[in-house]
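S.K.: First the structure, which I've put down as structure tokens, then a few questions once you've had a look.
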Amino acid sequence: MDFNVRKLATDAGIFFSRAVQFTEEKLGQAEKTELDAHFENLLSRADCTKNWTEKIYRQTEVVLQPNPGARIEEFLYEKLDRKVPPRPTNGEILGQFMLEAAKEFGSGTPYGSTLIKVGDCQRRLGGAEREFLQTSSISFLIPLRNFLEGDWRTISRERKLLENRRLDLDACKARLKKAKAAETKAAAVPDFQETRPRNYVLSASASALWNEELDKAEHELRVAQTEFDRQAEVTRLLLEGISSTHVSRFYMHAALTHATHLSRSVCLYSVTLLSFRRCPDSLDVNCHPASSPTDPSAFLPLNSPSPLETDALQIEEVQPPASGTRKAKVLYDYDAGDSSELSLRADELITVYTVPGMDSDWLIGERGNQKGKVPVTYLELLS
């Protein structure tokens with residue numbers, strides 16, 4: 001108990017001295033050790049990353065689950081370490097209603113057969129939406145939350161420790177400065193005509209005491225400087241590692257690809273409904289009037305090639321420019337989505353270039369005799 005009391009008193013004294021040092025720095029009455037410009041920039045970027053990560057995390061939660069009650073329920077299940085019960089999406093519910101209605105009307109009727117096709121498409125759309133929400137939560141939200149609750153807490157703790165080390169260092173500098181001033185004053189040559197012999201002894205004794213105090217202050221300053229430098233290095237490494245703890249940027253490309261496939265499904269679903277409206281007499285979704293909406297060319301300008309023809313033209317007929325090709329290092333494995341794309345393997349080198357009218361998110365990649373489109377986000381362009 002006696003040890004704990006002494007430790008508590010020591011900690012209270014350290015806290016009080018740090019508070020005094022901090023207050024004097026704010027009032028401009030004490031010098032402050034400034035960090036270098038690179039370190040200050042890292043601190044500023046870290047604070048910016050934390051603030052924007054919090055905003056993105058909160059808003060992504062709202063986008064993925066707009067219902068506040070459902071979010072609270074998922075939060076409680078997570079805190080209780082229990083699995084969240086599966087919840088069907090609105091699209092899946094609508095598709096199920098359509099399929100049940102088709103059973104009532106009969107699959108042999110035009111209306112029933114149409115409901116079966118549309119309901120199945122709607123159910124698959126709802127399933128894709130649910131899978132997208134789950135994947136987004138695992139691949140996007142969880143890394144962000146791990147950063148805020150894990151990495152950032154560690155960084156905040158080390159930054160607080162660095163601030164304490166800096167206050168201790170500045171306090172040691174102030175004590176050393178005070179000891180040097182006192183030693184200089186004590187070592188001043190006294191006036192032999194006005195000073196009594198007894199004062200010589202007192203002056204010598206005071207000078208010896210201040211010499212001892214000066215040696216002690218210099219030792220404490222060296223220790224404080226070493227601890228400050230060590231803590232600054234630890235904090236700097238953590239701040240520089242923030243970029244590697246972010247969600248990998250290739251996930252954004254995967255999300256974009258998934259959204260593209262989903263939009264195509266929505267387009268087909270809309271085409272089916274539009275076909276149903278254009279054939280009210282027969283209720284046959286397979287009828288194709290003039291400018292049939294099931295034909296992809298109906299959604300394109302006149303005389304424009306289809307998307308497949310455009311891809312084939314870009315890949316098979318495109319020639320590399322005379323100048324403008326670059327080498328690129330592949331960052332991640334990538335499996336081609338179709339014949340127009342080129343599969344990639346991490347760490348390999350390929351030649352890339354662009355062609356007029358091509359999407360800025362893609363490049364033409366060549367590896368030997370193989371050629372195809374490659375996503376920019378999977379590459380590191382080399383000079």
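For the structure tokens, the naming scheme is as follows: chains receive sequential letters (A, B, ...) according to their order of presentation, residues are indexed from 1 within each chain, and ligands are indexed from 1 in presentation order.
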Give me the residues within 7 Å of Arg130 of chain A as a list in words, counting only C-alpha atoms and dropping any in the same chain fewer than 4 places off.

M.R.: Thr89, Gly126 and Gln134 of chain A

S.K.: Give me the residues within 10 Å of Arg58 of chain A as a VMD selection string, counting only C-alpha atoms and dropping any in the same chain fewer than 6 places off.

M.R.: chain A and resid 52 141 145

S.K.: Those selected residues, please, written with C-alpha atoms and delivered as a PDB file, in the first residue's frame.

M.R.:
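Contents of part_28.pdb, as written:
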```pdb
ATOM      1  CA  TRP A  52     -13.170  11.318 -43.598  1.00  0.00           C
ATOM      2  CA  LEU A 141     -17.255  -1.572 -43.854  1.00  0.00           C
ATOM      3  CA  ARG A 145     -14.253  -0.131 -38.710  1.00  0.00           C
TER       4      ARG A 145
END
```

S.K.: To one decimal place, how far is atom CA of Ser339 of chain A from atom CA of Arg367 of chain A in Å?

M.R.: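 Computing it gives 14.9 Å between the two atoms.
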
S.K.: With distances taken over only C-alpha atoms, which residue among A:Lys117, A:Lys180, A:Lys32, A:Lys55 lies nearest Glu212 of chain A?

M.R.: A:Lys180

S.K.: Residues near Val374 of chain A, anyone? I mean within 12 Å using only C-alpha atoms, not counting same-chain ones fewer than 4 positions away, as a count of residues only.

M.R.: 39

S.K.: Would you mind reading off the distance between atom CA of Asp170 of chain A and atom CA of Ser156 of chain A, one decimal, in Å?

M.R.: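 Going from atom CA of Asp170 of chain A over to atom CA of Ser156 of chain A covers 21.1 Å.
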
S.K.: Figure out the distance between atom CA of Glu92 of chain A and atom CA of Tyr111 of chain A, please, to one decimal in Å.

M.R.: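 Between atom CA of Tyr111 of chain A and atom CA of Glu92 of chain A the gap is 19.8 Å.
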